[in-house]
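Novice: Here you go, one structure.
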Protein chains: 2
Amino acid sequence: VFGGIVHRAGEENRLSVSATIEPPYLLFLGDESRLPAAKTAAGIKQWRPERCAGQLRLSSSAVDLGVPDMSIPLAAQRGVRTLILGTVNPGGSIPESWVNTIIQALEAGLDVASGMHQKLSDIPAIREAAQRTGRRLFDVRHTQQRFATGTGEKRSGLRLLTVGTDCIQGKKYTALALEQEMRRHGFRADFRATGQTGILITGAGVAIDAVVADFIAGAAEWLSPVNDADHWDIIEGQGSLFHPAYAGVTLGLIHGSQPDALVMCHDPLRQNLLGLNFPVPDLLACIAANQAAARLTNPSCKVIGVSINSSQIPPADIEPIVKEIEDRTGLPCCDPLRHGVKKFLPAVQAITHGTSAAAAQPR
Amino acid sequence: VFGGIVHRAGEENRLSVSATIEPPYLLFLGDESRLPAAKTAAGIKQWRPERCAGQLRLSSSAVDLGVPDMSIPLAAQRGVRTLILGTVNPGGSIPESWVNTIIQALEAGLDVASGMHQKLSDIPAIREAAQRTGRRLFDVRHTQQRFATGTGEKRSGLRLLTVGTDCIQGKKYTALALEQEMRRHGFRADFRATGQTGILITGAGVAIDAVVADFIAGAAEWLSPVNDADHWDIIEGQGSLFHPAYAGVTLGLIHGSQPDALVMCHDPLRQNLLGLNFPVPDLLACIAANQAAARLTNPSCKVIGVSINSSQIPPADIEPIVKEIEDRTGLPCCDPLRHGVKKFLPAVQAITHGTSAAAAQPR
């Protein structure tokens, strides 16, 4: 159970405070020396630096995120609340050599959070230590949370969802960049995590692909509850409507999110869906299909831009590709990592004002 | 665990014999006097009469399905293998007054199968009796089965999936009627159940809405495995692409099923989706959307007909409505309960022959 709570039909439709992972964090890096494998910890450091009190490295060759090295006793003394397992490995299992460190953290009064496939709570010594100390284990990839089924009823507040032509294209990064840029420009915006890394970054959310199928849309409704008319939830998308394995997750997330705005994420160089013998769908067809799907629960939903991953594109080719996509789609296009996401703000602003203006009308 | 087995990625992609509920059945009717509440038992009797050895009624006013009344000791003596809980109630809970009967069945050597929300295995006395006697409990609504994620790879064999404009419109009935009619006409056809009633009727299947979201399409691929080129799986559809709660389940089921043919189920009198303030989608738009979705994994998929529920339509109005739908869609339309499903067979035959002819071509 993520956060130890169980939601049932009819319960209040809000993120429960008891389900959040509490900062400050100690980022556990083990002896991982490759930065890509430390992406969870690096993501927390990038997007929520204020949550990161320190890092715990088991060897001097481990990745250094530029936060203070800290032992567990020191972390406990400085008020750290949670040890975050900050690395990933291909099997998603928790190395045996970590078990003692995890137990030491629990005994020092810290909670422990993991995005691994293997559950903390499935390792007997860790489970027993958590029970003995009364500390919480967050296995964020394995929600056993229960939700109501979706209702489709319109909720107040504004929502932006990132969608894509495939998996692993920048949907989470784009959403986090939008949250940051919108806050800088005075918008009220909160990132809503739907995958394990996003949950560990922000301390809350739902691993939407781990929810029982009947409740995908209901979980998405729960994730972005009723809010003020000018408040934006920036929801991390998952999968793709044209992915033969995951499109059901994507569609339920679209329907439950009731987005006012969609940002389409795309990798211009990718020919086939990752790991499959399926072509990446046509960008225009994908934009049309996502917008049509979203309009079931929010008839005014619009795709407002295209976010590309240009990391593998030769620098001289990037601007021509951006221009080609803008000409073809009629939408602003940018790479959040290279250009930021300012190009998307005029559309966000227009939607915000449209809604505010409408809300100000006498009924 | 449905059937006590756990499937993991890489295991053989076939319905496991060990997961099937074994006939003959004893149909348990409790003291239920209303036929609609005994729909599970009545469905088994209608579609699989050869599986039904007898019925067990706790009072003389209980529904009589026209099979022999049979006590548990007599059923055991006659070789009955499974007691099926054959009624439904609004809360989906197992009445306390049934517990002794269920334990008696286990002690007599029968397995017990239930489609209730409340699990047999969550009732301590029942769980203990099953462990003590080595008998199996089938909680078919609660699969804990694990599947691989979908691959989208084309499998040999032919598949027909029933889809719909809403939930509860006849998708299961239409599929069962097609199986029966196709077998009568010499087709090799097997119904594939995706909901608890269908699973209890045929003894196997997957409660697709209970699968973890990431595996919807993978579970559908598992449900209709590789088969001979002229063999039809007739797959029970779920939900609707235009349902704000369940569309994700529907889309994953469509993609994983790779249907060659779709039959669209529709209730011409229904204005709003059941229990929701959402209009039933336009029939033509729904046909187009389902066909487009199916073509992701089977580019030759066609909607071949419209199956209507005419039970609430005044008799004089039925034929004009059928004709209007046929004119509007260009597809054969019928009510399986009233007309049978013969109208769909020419299209099924054409697809069967088209495929056989293609398969006979040298490569």
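All residue names refer to the structure tokens as shown: chains lettered A, B, ... in order, residues numbered from 1 in each chain, ligands numbered from 1 in order.
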Select from chain B every residue with an atom at most 9 Å from any atom of chain A, then for each give the shortest pair of atoms and their distance in Å to one decimal, using only C-alpha atoms, rows by chain and rising number, as a Markdown table.
Specialist:
```
| residue | atom | partner | partner_atom | distance |
| --- | --- | --- | --- | --- |
| B:Thr149 | CA | A:Ala245 | CA | 5.9 |
| B:Gly150 | CA | A:Ala245 | CA | 4.2 |
| B:Thr151 | CA | A:Ala245 | CA | 6.2 |
| B:Gly152 | CA | A:Pro244 | CA | 5.3 |
| B:Glu153 | CA | A:Asn277 | CA | 8.1 |
| B:Ile208 | CA | A:Ala213 | CA | 7.5 |
| B:Asp209 | CA | A:Asp214 | CA | 4.8 |
| B:Ala210 | CA | A:Val212 | CA | 5.6 |
| B:Val211 | CA | A:Val212 | CA | 5.6 |
| B:Val212 | CA | A:Val212 | CA | 4.3 |
| B:Ala213 | CA | A:Ala213 | CA | 4.4 |
| B:Asp214 | CA | A:Asp209 | CA | 4.8 |
| B:Phe215 | CA | A:Ala245 | CA | 7.2 |
| B:Ile216 | CA | A:Ala213 | CA | 7.0 |
| B:Ala217 | CA | A:Ala245 | CA | 5.4 |
| B:Gly218 | CA | A:Ala245 | CA | 6.6 |
| B:Leu241 | CA | A:Leu251 | CA | 9.0 |
| B:Phe242 | CA | A:Leu296 | CA | 7.0 |
| B:His243 | CA | A:Leu296 | CA | 8.4 |
| B:Pro244 | CA | A:Gly152 | CA | 5.3 |
| B:Ala245 | CA | A:Gly150 | CA | 4.2 |
| B:Tyr246 | CA | A:Asp214 | CA | 6.1 |
| B:Ala247 | CA | A:Gly252 | CA | 6.3 |
| B:Gly248 | CA | A:Gly248 | CA | 3.9 |
| B:Val249 | CA | A:Gly248 | CA | 5.8 |
| B:Thr250 | CA | A:Gly248 | CA | 7.3 |
| B:Leu251 | CA | A:Gly248 | CA | 5.2 |
| B:Gly252 | CA | A:Gly248 | CA | 4.6 |
| B:Leu253 | CA | A:Gly248 | CA | 8.1 |
| B:His255 | CA | A:Pro244 | CA | 5.8 |
| B:Gly256 | CA | A:Pro244 | CA | 7.1 |
| B:Leu276 | CA | A:Thr151 | CA | 7.1 |
| B:Asn277 | CA | A:Glu153 | CA | 8.1 |
| B:Phe278 | CA | A:Gly152 | CA | 8.1 |
| B:Ala293 | CA | A:Phe242 | CA | 8.4 |
| B:Leu296 | CA | A:Phe242 | CA | 7.0 |
| B:Thr297 | CA | A:Pro244 | CA | 6.8 |
```
Novice: Restricted to N, CA, C and O atoms, what would the selected residues look like written as a CSV table (one decimal), in the first residue's frame?
Specialist:
```csv
chain,number,residue,atom,x,y,z
B,149,THR,N,3.5,-7.8,-20.9
B,149,THR,CA,2.9,-6.7,-21.6
B,149,THR,C,2.7,-7.1,-23.1
B,149,THR,O,3.3,-8.0,-23.6
B,150,GLY,N,1.8,-6.3,-23.7
B,150,GLY,CA,1.5,-6.7,-25.1
B,150,GLY,C,2.7,-6.5,-26.1
B,150,GLY,O,3.6,-5.6,-25.8
B,151,THR,N,2.7,-7.2,-27.1
B,151,THR,CA,3.7,-7.0,-28.1
B,151,THR,C,3.1,-6.5,-29.5
B,151,THR,O,3.9,-5.9,-30.2
B,152,GLY,N,1.9,-6.7,-29.7
B,152,GLY,CA,1.3,-6.3,-30.9
B,152,GLY,C,1.6,-7.2,-32.1
B,152,GLY,O,1.2,-7.0,-33.2
B,153,GLU,N,2.4,-8.2,-31.8
B,153,GLU,CA,2.8,-9.1,-33.0
B,153,GLU,C,1.6,-9.9,-33.4
B,153,GLU,O,0.9,-10.5,-32.6
B,208,ILE,N,-10.9,-9.0,-17.5
B,208,ILE,CA,-9.9,-8.1,-18.0
B,208,ILE,C,-9.9,-6.8,-17.2
B,208,ILE,O,-8.9,-6.1,-17.2
B,209,ASP,N,-11.1,-6.4,-16.6
B,209,ASP,CA,-11.1,-5.1,-15.9
B,209,ASP,C,-10.4,-5.3,-14.5
B,209,ASP,O,-10.2,-4.3,-13.9
B,210,ALA,N,-10.0,-6.5,-14.2
B,210,ALA,CA,-9.3,-6.7,-12.9
B,210,ALA,C,-7.8,-6.8,-13.1
B,210,ALA,O,-7.0,-6.9,-12.1
B,211,VAL,N,-7.3,-6.7,-14.3
B,211,VAL,CA,-5.9,-6.9,-14.6
B,211,VAL,C,-5.2,-5.5,-14.3
B,211,VAL,O,-5.8,-4.5,-14.5
B,212,VAL,N,-4.0,-5.5,-13.9
B,212,VAL,CA,-3.2,-4.3,-13.7
B,212,VAL,C,-3.1,-3.6,-15.1
B,212,VAL,O,-2.9,-4.2,-16.1
B,213,ALA,N,-3.3,-2.3,-15.1
B,213,ALA,CA,-3.4,-1.5,-16.3
B,213,ALA,C,-2.4,-1.7,-17.3
B,213,ALA,O,-2.7,-1.8,-18.5
B,214,ASP,N,-1.1,-1.9,-16.9
B,214,ASP,CA,0.0,-2.1,-17.8
B,214,ASP,C,-0.2,-3.3,-18.7
B,214,ASP,O,0.5,-3.4,-19.7
B,215,PHE,N,-1.0,-4.2,-18.3
B,215,PHE,CA,-1.1,-5.6,-18.9
B,215,PHE,C,-2.4,-5.8,-19.6
B,215,PHE,O,-2.7,-7.0,-19.9
B,216,ILE,N,-3.3,-4.8,-19.8
B,216,ILE,CA,-4.6,-5.1,-20.4
B,216,ILE,C,-4.4,-5.8,-21.8
B,216,ILE,O,-4.9,-6.8,-22.0
B,217,ALA,N,-3.6,-5.1,-22.6
B,217,ALA,CA,-3.4,-5.7,-24.0
B,217,ALA,C,-2.7,-7.0,-23.9
B,217,ALA,O,-3.0,-7.9,-24.7
B,218,GLY,N,-1.7,-7.1,-23.0
B,218,GLY,CA,-1.0,-8.4,-22.9
B,218,GLY,C,-1.9,-9.5,-22.4
B,218,GLY,O,-1.8,-10.7,-22.9
B,241,LEU,N,-15.4,2.5,-26.0
B,241,LEU,CA,-14.4,3.6,-26.3
B,241,LEU,C,-14.8,5.0,-25.8
B,241,LEU,O,-14.0,5.8,-25.7
B,242,PHE,N,-16.2,5.1,-25.7
B,242,PHE,CA,-16.7,6.5,-25.4
B,242,PHE,C,-17.2,6.5,-23.9
B,242,PHE,O,-18.0,7.3,-23.6
B,243,HIS,N,-16.7,5.6,-23.1
B,243,HIS,CA,-17.2,5.6,-21.7
B,243,HIS,C,-16.1,6.2,-20.9
B,243,HIS,O,-14.9,5.8,-20.9
B,244,PRO,N,-16.4,7.3,-20.1
B,244,PRO,CA,-15.4,8.0,-19.4
B,244,PRO,C,-14.7,7.3,-18.3
B,244,PRO,O,-13.6,7.7,-17.8
B,245,ALA,N,-15.2,6.2,-17.8
B,245,ALA,CA,-14.6,5.4,-16.8
B,245,ALA,C,-13.8,4.2,-17.4
B,245,ALA,O,-12.7,3.9,-16.9
B,246,TYR,N,-14.3,3.5,-18.4
B,246,TYR,CA,-13.8,2.2,-18.8
B,246,TYR,C,-13.2,2.2,-20.2
B,246,TYR,O,-12.8,1.1,-20.6
B,247,ALA,N,-13.0,3.3,-20.9
B,247,ALA,CA,-12.5,3.2,-22.3
B,247,ALA,C,-11.1,2.7,-22.3
B,247,ALA,O,-10.8,2.1,-23.3
B,248,GLY,N,-10.3,2.9,-21.3
B,248,GLY,CA,-9.0,2.3,-21.3
B,248,GLY,C,-9.0,0.8,-21.4
B,248,GLY,O,-8.2,0.2,-22.1
B,249,VAL,N,-9.9,0.2,-20.7
B,249,VAL,CA,-10.0,-1.3,-20.7
B,249,VAL,C,-10.4,-1.7,-22.1
B,249,VAL,O,-9.9,-2.6,-22.7
B,250,THR,N,-11.4,-1.0,-22.7
B,250,THR,CA,-11.9,-1.3,-24.0
B,250,THR,C,-10.8,-1.2,-25.1
B,250,THR,O,-10.6,-2.1,-25.9
B,251,LEU,N,-10.0,-0.1,-25.0
B,251,LEU,CA,-8.9,0.1,-26.0
B,251,LEU,C,-7.9,-1.0,-25.9
B,251,LEU,O,-7.4,-1.6,-26.9
B,252,GLY,N,-7.4,-1.3,-24.7
B,252,GLY,CA,-6.4,-2.4,-24.5
B,252,GLY,C,-6.9,-3.7,-25.0
B,252,GLY,O,-6.2,-4.5,-25.6
B,253,LEU,N,-8.2,-4.0,-24.7
B,253,LEU,CA,-8.8,-5.2,-25.2
B,253,LEU,C,-8.9,-5.3,-26.7
B,253,LEU,O,-8.6,-6.3,-27.3
B,255,HIS,N,-6.8,-3.7,-28.8
B,255,HIS,CA,-5.4,-3.8,-29.3
B,255,HIS,C,-4.9,-5.2,-29.1
B,255,HIS,O,-4.3,-5.8,-30.0
B,256,GLY,N,-5.1,-5.8,-28.0
B,256,GLY,CA,-4.6,-7.1,-27.7
B,256,GLY,C,-5.3,-8.2,-28.4
B,256,GLY,O,-4.7,-9.3,-28.8
B,276,LEU,N,-24.7,7.4,-15.9
B,276,LEU,CA,-23.8,8.7,-16.1
B,276,LEU,C,-24.6,9.7,-16.9
B,276,LEU,O,-25.5,9.4,-17.6
B,277,ASN,N,-24.2,10.9,-16.7
B,277,ASN,CA,-24.8,12.1,-17.4
B,277,ASN,C,-24.0,12.3,-18.7
B,277,ASN,O,-23.6,13.4,-19.0
B,278,PHE,N,-23.8,11.2,-19.5
B,278,PHE,CA,-23.1,11.3,-20.8
B,278,PHE,C,-23.9,10.7,-21.8
B,278,PHE,O,-24.5,9.7,-21.7
B,293,ALA,N,-9.3,2.1,-34.1
B,293,ALA,CA,-8.4,1.7,-33.0
B,293,ALA,C,-8.0,0.2,-33.3
B,293,ALA,O,-6.8,-0.1,-33.1
B,296,LEU,N,-4.8,-0.5,-35.6
B,296,LEU,CA,-3.4,-0.4,-35.1
B,296,LEU,C,-2.7,-1.8,-35.1
B,296,LEU,O,-1.6,-1.9,-35.5
B,297,THR,N,-3.4,-2.8,-34.6
B,297,THR,CA,-2.8,-4.1,-34.5
B,297,THR,C,-3.3,-5.1,-35.6
B,297,THR,O,-2.8,-6.2,-35.7
```
Novice: Near Gly205 (chain B), counting only C-alpha atoms, which residues have an atom at most 6 Å away, once you skip same-chain residues fewer than 3 positions from it, shown as a list in words?
Specialist: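 Once the nearby chain positions are removed, what remains is Ala193, Thr194 and Ile199 of chain B.
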Novice: Report as a PyMOL selection string all protein, DNA and RNA residues lying within 12 Å of Ser60 (chain B), evaluated on only C-alpha atoms, omitting residues in the same chain fewer than 4 positions from it.
Specialist: chain B and resi 29-33+55-56+64+69
Novice: With only C-alpha atoms as the counted atoms, please give the residues lying no more than 12 Å from Thr202 (chain A), apart from itself and same-chain residues fewer than 2 positions off, as a PyMOL selection string.
Specialist: chain A and resi 19-25+40-41+43-52+84+140+172+176+179+190-200+204-206+236
Novice: For C-alpha atoms, I'd like the residues from the last selection saved as a PDB file, in the first residue's frame.
Specialist:
```
ATOM      1  CA  ALA A  19       0.195   9.391   1.233  1.00  0.00           C
ATOM      2  CA  THR A  20       3.051  11.814   0.655  1.00  0.00           C
ATOM      3  CA  ILE A  21       6.721  11.039   1.061  1.00  0.00           C
ATOM      4  CA  GLU A  22       8.078  13.523   3.558  1.00  0.00           C
ATOM      5  CA  PRO A  23      11.131  15.710   2.958  1.00  0.00           C
ATOM      6  CA  PRO A  24      13.939  16.406   3.651  1.00  0.00           C
ATOM      7  CA  TYR A  25      15.411  13.516   1.667  1.00  0.00           C
ATOM      8  CA  THR A  40      15.904   9.300 -10.013  1.00  0.00           C
ATOM      9  CA  ALA A  41      18.220  11.063  -7.553  1.00  0.00           C
ATOM     10  CA  GLY A  43      15.766  14.298 -11.111  1.00  0.00           C
ATOM     11  CA  ILE A  44      14.918  15.065  -7.494  1.00  0.00           C
ATOM     12  CA  LYS A  45      18.006  17.263  -7.213  1.00  0.00           C
ATOM     13  CA  GLN A  46      17.093  19.087 -10.442  1.00  0.00           C
ATOM     14  CA  TRP A  47      13.398  19.665  -9.820  1.00  0.00           C
ATOM     15  CA  ARG A  48      13.098  19.691  -6.041  1.00  0.00           C
ATOM     16  CA  PRO A  49      16.529  20.811  -4.736  1.00  0.00           C
ATOM     17  CA  GLU A  50      14.881  22.157  -1.591  1.00  0.00           C
ATOM     18  CA  ARG A  51      13.932  18.600  -0.645  1.00  0.00           C
ATOM     19  CA  CYS A  52      17.496  17.268  -0.836  1.00  0.00           C
ATOM     20  CA  ILE A  84      15.213   7.645  -1.239  1.00  0.00           C
ATOM     21  CA  VAL A 140       5.800   3.670  -5.349  1.00  0.00           C
ATOM     22  CA  LYS A 172       7.708  13.840 -17.492  1.00  0.00           C
ATOM     23  CA  LEU A 176       8.195  19.431 -14.838  1.00  0.00           C
ATOM     24  CA  GLU A 179       5.497  23.626 -13.849  1.00  0.00           C
ATOM     25  CA  ASP A 190       1.453  21.818  -9.634  1.00  0.00           C
ATOM     26  CA  PHE A 191       3.097  18.851 -11.301  1.00  0.00           C
ATOM     27  CA  ARG A 192       1.089  15.644 -10.836  1.00  0.00           C
ATOM     28  CA  ALA A 193       3.146  12.469 -11.049  1.00  0.00           C
ATOM     29  CA  THR A 194       1.864   9.296 -12.723  1.00  0.00           C
ATOM     30  CA  GLY A 195       5.083   7.245 -12.662  1.00  0.00           C
ATOM     31  CA  GLN A 196       7.547   6.141 -10.032  1.00  0.00           C
ATOM     32  CA  THR A 197      10.277   8.685 -10.775  1.00  0.00           C
ATOM     33  CA  GLY A 198       7.827  11.563 -10.776  1.00  0.00           C
ATOM     34  CA  ILE A 199       6.334  10.340  -7.499  1.00  0.00           C
ATOM     35  CA  LEU A 200       9.757  10.218  -5.868  1.00  0.00           C
ATOM     36  CA  ALA A 204       3.093  12.139  -4.187  1.00  0.00           C
ATOM     37  CA  GLY A 205       1.119  10.787  -7.126  1.00  0.00           C
ATOM     38  CA  VAL A 206      -0.186   7.556  -8.586  1.00  0.00           C
ATOM     39  CA  GLU A 236       2.688  13.646 -16.417  1.00  0.00           C
TER      40      GLU A 236
END
```
Novice: Can you tell me, as a list in words, what residues are no more than 6 Å from region 110-121 of chain B when counting only C-alpha atoms, ignoring any on the same chain fewer than 4 positions away?
Specialist: Arg81, Thr82, Leu83, Ile84, Leu85, Gly92, Ser93, Ala105, Leu106, Arg127, Arg135, Arg136, Leu137, Phe138, Asp139, Val140, Arg141 and Gln196 of chain B
Novice: Running DSSP on the backbone, which parts of region 131-271 of chain B land in helix (DSSP H, G or I), as a PyMOL selection string?
Specialist: chain B and resi 131-133+171-184+196-202+208-210+213-223+247-257
Novice: Output the selection as a tab-separated table (two decimals), in the first residue's frame - N, CA and C atoms for each residue.
Specialist:
```tsv
chain	number	residue	atom	x	y	z
B	131	GLN	N	-7.92	-25.14	2.26
B	131	GLN	CA	-6.56	-25.59	2.54
B	131	GLN	C	-6.56	-27.01	3.11
B	132	ARG	N	-7.49	-27.25	4.00
B	132	ARG	CA	-7.56	-28.55	4.67
B	132	ARG	C	-7.89	-29.66	3.66
B	133	THR	N	-8.79	-29.36	2.72
B	133	THR	CA	-9.26	-30.40	1.80
B	133	THR	C	-8.47	-30.42	0.49
B	171	LYS	N	-22.95	-7.50	-25.29
B	171	LYS	CA	-21.68	-7.92	-25.88
B	171	LYS	C	-21.37	-9.39	-25.58
B	172	LYS	N	-21.65	-9.83	-24.36
B	172	LYS	CA	-21.41	-11.23	-24.01
B	172	LYS	C	-22.41	-12.13	-24.73
B	173	TYR	N	-23.68	-11.75	-24.69
B	173	TYR	CA	-24.73	-12.56	-25.31
B	173	TYR	C	-24.47	-12.70	-26.82
B	174	THR	N	-24.12	-11.59	-27.45
B	174	THR	CA	-23.86	-11.61	-28.90
B	174	THR	C	-22.70	-12.57	-29.22
B	175	ALA	N	-21.65	-12.50	-28.39
B	175	ALA	CA	-20.49	-13.37	-28.64
B	175	ALA	C	-20.85	-14.84	-28.46
B	176	LEU	N	-21.61	-15.14	-27.41
B	176	LEU	CA	-22.01	-16.53	-27.18
B	176	LEU	C	-22.94	-17.02	-28.29
B	177	ALA	N	-23.85	-16.16	-28.74
B	177	ALA	CA	-24.75	-16.54	-29.83
B	177	ALA	C	-23.97	-16.77	-31.13
B	178	LEU	N	-22.94	-15.96	-31.35
B	178	LEU	CA	-22.10	-16.15	-32.54
B	178	LEU	C	-21.35	-17.48	-32.47
B	179	GLU	N	-20.79	-17.78	-31.28
B	179	GLU	CA	-20.09	-19.06	-31.14
B	179	GLU	C	-21.03	-20.21	-31.51
B	180	GLN	N	-22.23	-20.18	-30.95
B	180	GLN	CA	-23.19	-21.26	-31.16
B	180	GLN	C	-23.58	-21.38	-32.64
B	181	GLU	N	-23.90	-20.23	-33.25
B	181	GLU	CA	-24.36	-20.24	-34.64
B	181	GLU	C	-23.22	-20.63	-35.59
B	182	MET	N	-22.03	-20.15	-35.30
B	182	MET	CA	-20.89	-20.49	-36.17
B	182	MET	C	-20.57	-21.98	-36.08
B	183	ARG	N	-20.62	-22.53	-34.86
B	183	ARG	CA	-20.38	-23.97	-34.72
B	183	ARG	C	-21.42	-24.76	-35.49
B	184	ARG	N	-22.67	-24.31	-35.39
B	184	ARG	CA	-23.76	-24.99	-36.12
B	184	ARG	C	-23.49	-25.03	-37.62
B	196	GLN	N	-16.68	-11.94	-15.41
B	196	GLN	CA	-16.86	-13.05	-14.47
B	196	GLN	C	-17.97	-14.02	-14.91
B	197	THR	N	-19.06	-13.50	-15.47
B	197	THR	CA	-20.13	-14.42	-15.86
B	197	THR	C	-19.68	-15.30	-17.01
B	198	GLY	N	-19.02	-14.69	-17.98
B	198	GLY	CA	-18.50	-15.47	-19.10
B	198	GLY	C	-17.50	-16.52	-18.66
B	199	ILE	N	-16.67	-16.17	-17.69
B	199	ILE	CA	-15.68	-17.14	-17.18
B	199	ILE	C	-16.38	-18.32	-16.53
B	200	LEU	N	-17.43	-18.03	-15.74
B	200	LEU	CA	-18.15	-19.12	-15.08
B	200	LEU	C	-18.90	-19.97	-16.11
B	201	ILE	N	-19.39	-19.34	-17.19
B	201	ILE	CA	-20.10	-20.10	-18.21
B	201	ILE	C	-19.16	-21.08	-18.91
B	202	THR	N	-17.99	-20.60	-19.29
B	202	THR	CA	-17.11	-21.45	-20.10
B	202	THR	C	-15.99	-22.09	-19.30
B	208	ILE	N	-10.89	-9.04	-17.47
B	208	ILE	CA	-9.93	-8.07	-18.03
B	208	ILE	C	-9.92	-6.77	-17.24
B	209	ASP	N	-11.06	-6.40	-16.65
B	209	ASP	CA	-11.07	-5.14	-15.91
B	209	ASP	C	-10.39	-5.26	-14.55
B	210	ALA	N	-10.00	-6.47	-14.16
B	210	ALA	CA	-9.30	-6.66	-12.89
B	210	ALA	C	-7.79	-6.79	-13.08
B	213	ALA	N	-3.27	-2.26	-15.05
B	213	ALA	CA	-3.45	-1.46	-16.27
B	213	ALA	C	-2.38	-1.71	-17.33
B	214	ASP	N	-1.14	-1.86	-16.91
B	214	ASP	CA	-0.03	-2.05	-17.85
B	214	ASP	C	-0.19	-3.31	-18.70
B	215	PHE	N	-1.04	-4.23	-18.28
B	215	PHE	CA	-1.09	-5.55	-18.89
B	215	PHE	C	-2.42	-5.85	-19.57
B	216	ILE	N	-3.25	-4.84	-19.80
B	216	ILE	CA	-4.57	-5.09	-20.41
B	216	ILE	C	-4.38	-5.77	-21.77
B	217	ALA	N	-3.59	-5.12	-22.63
B	217	ALA	CA	-3.40	-5.67	-23.98
B	217	ALA	C	-2.67	-7.01	-23.91
B	218	GLY	N	-1.71	-7.12	-23.01
B	218	GLY	CA	-0.98	-8.39	-22.86
B	218	GLY	C	-1.90	-9.51	-22.42
B	219	ALA	N	-2.84	-9.22	-21.53
B	219	ALA	CA	-3.79	-10.23	-21.09
B	219	ALA	C	-4.71	-10.64	-22.24
B	220	ALA	N	-5.10	-9.66	-23.06
B	220	ALA	CA	-5.95	-9.98	-24.21
B	220	ALA	C	-5.19	-10.83	-25.22
B	221	GLU	N	-3.89	-10.56	-25.38
B	221	GLU	CA	-3.09	-11.41	-26.28
B	221	GLU	C	-3.03	-12.84	-25.74
B	222	TRP	N	-2.91	-12.97	-24.43
B	222	TRP	CA	-2.83	-14.28	-23.79
B	222	TRP	C	-4.15	-15.04	-23.95
B	223	LEU	N	-5.25	-14.29	-23.91
B	223	LEU	CA	-6.58	-14.91	-23.93
B	223	LEU	C	-6.90	-15.57	-25.26
B	247	ALA	N	-13.04	3.29	-20.88
B	247	ALA	CA	-12.54	3.25	-22.25
B	247	ALA	C	-11.13	2.68	-22.34
B	248	GLY	N	-10.33	2.86	-21.29
B	248	GLY	CA	-8.98	2.31	-21.32
B	248	GLY	C	-8.99	0.79	-21.40
B	249	VAL	N	-9.89	0.17	-20.66
B	249	VAL	CA	-10.04	-1.29	-20.72
B	249	VAL	C	-10.44	-1.71	-22.14
B	250	THR	N	-11.41	-0.98	-22.70
B	250	THR	CA	-11.90	-1.31	-24.04
B	250	THR	C	-10.78	-1.21	-25.07
B	251	LEU	N	-9.99	-0.14	-25.00
B	251	LEU	CA	-8.94	0.07	-26.01
B	251	LEU	C	-7.85	-1.00	-25.89
B	252	GLY	N	-7.45	-1.31	-24.66
B	252	GLY	CA	-6.44	-2.36	-24.48
B	252	GLY	C	-6.93	-3.71	-24.97
B	253	LEU	N	-8.21	-3.98	-24.72
B	253	LEU	CA	-8.80	-5.25	-25.18
B	253	LEU	C	-8.85	-5.29	-26.70
B	254	ILE	N	-9.19	-4.18	-27.33
B	254	ILE	CA	-9.19	-4.12	-28.80
B	254	ILE	C	-7.78	-4.38	-29.34
B	255	HIS	N	-6.80	-3.66	-28.80
B	255	HIS	CA	-5.44	-3.81	-29.33
B	255	HIS	C	-4.89	-5.21	-29.13
B	256	GLY	N	-5.12	-5.79	-27.95
B	256	GLY	CA	-4.58	-7.12	-27.68
B	256	GLY	C	-5.31	-8.21	-28.43
B	257	SER	N	-6.59	-7.99	-28.72
B	257	SER	CA	-7.38	-9.03	-29.40
B	257	SER	C	-7.04	-9.12	-30.89
```
Novice: At a cut-off of 12 Å, can you tabulate as CSV every residue of region 63-161 of chain B near region 347-355 of chain B together with its closest atom pair and the distance in Å to one decimal, using only C-alpha atoms and ordering rows by chain then number?
Specialist:
```
residue,atom,partner,partner_atom,distance
B:Ser156,CA,B:Thr355,CA,10.1
B:Gly157,CA,B:Thr355,CA,9.2
B:Leu158,CA,B:Thr352,CA,7.6
B:Arg159,CA,B:Val348,CA,9.9
B:Leu160,CA,B:Val348,CA,8.7
B:Leu161,CA,B:Val348,CA,12.0
```
Novice: Write a file of the selected residues as an mmCIF file, in the first residue's frame, keeping N, CA and C atoms.
Specialist:
```cif
data_model
loop_
_atom_site.group_PDB
_atom_site.id
_atom_site.type_symbol
_atom_site.label_atom_id
_atom_site.label_comp_id
_atom_site.auth_asym_id
_atom_site.auth_seq_id
_atom_site.Cartn_x
_atom_site.Cartn_y
_atom_site.Cartn_z
ATOM 1 N N SER B 156 -1.468 -16.066 -35.650
ATOM 2 C CA SER B 156 -2.330 -16.731 -36.620
ATOM 3 C C SER B 156 -3.648 -17.095 -35.955
ATOM 4 N N GLY B 157 -4.641 -17.392 -36.785
ATOM 5 C CA GLY B 157 -5.996 -17.610 -36.286
ATOM 6 C C GLY B 157 -6.826 -16.360 -36.524
ATOM 7 N N LEU B 158 -8.163 -16.534 -36.473
ATOM 8 C CA LEU B 158 -9.088 -15.428 -36.722
ATOM 9 C C LEU B 158 -9.777 -15.031 -35.429
ATOM 10 N N ARG B 159 -10.103 -13.745 -35.305
ATOM 11 C CA ARG B 159 -10.701 -13.257 -34.072
ATOM 12 C C ARG B 159 -11.822 -12.268 -34.348
ATOM 13 N N LEU B 160 -12.913 -12.454 -33.621
ATOM 14 C CA LEU B 160 -14.029 -11.509 -33.672
ATOM 15 C C LEU B 160 -14.225 -10.971 -32.264
ATOM 16 N N LEU B 161 -14.337 -9.659 -32.142
ATOM 17 C CA LEU B 161 -14.552 -9.019 -30.840
ATOM 18 C C LEU B 161 -15.863 -8.256 -30.886
#
```
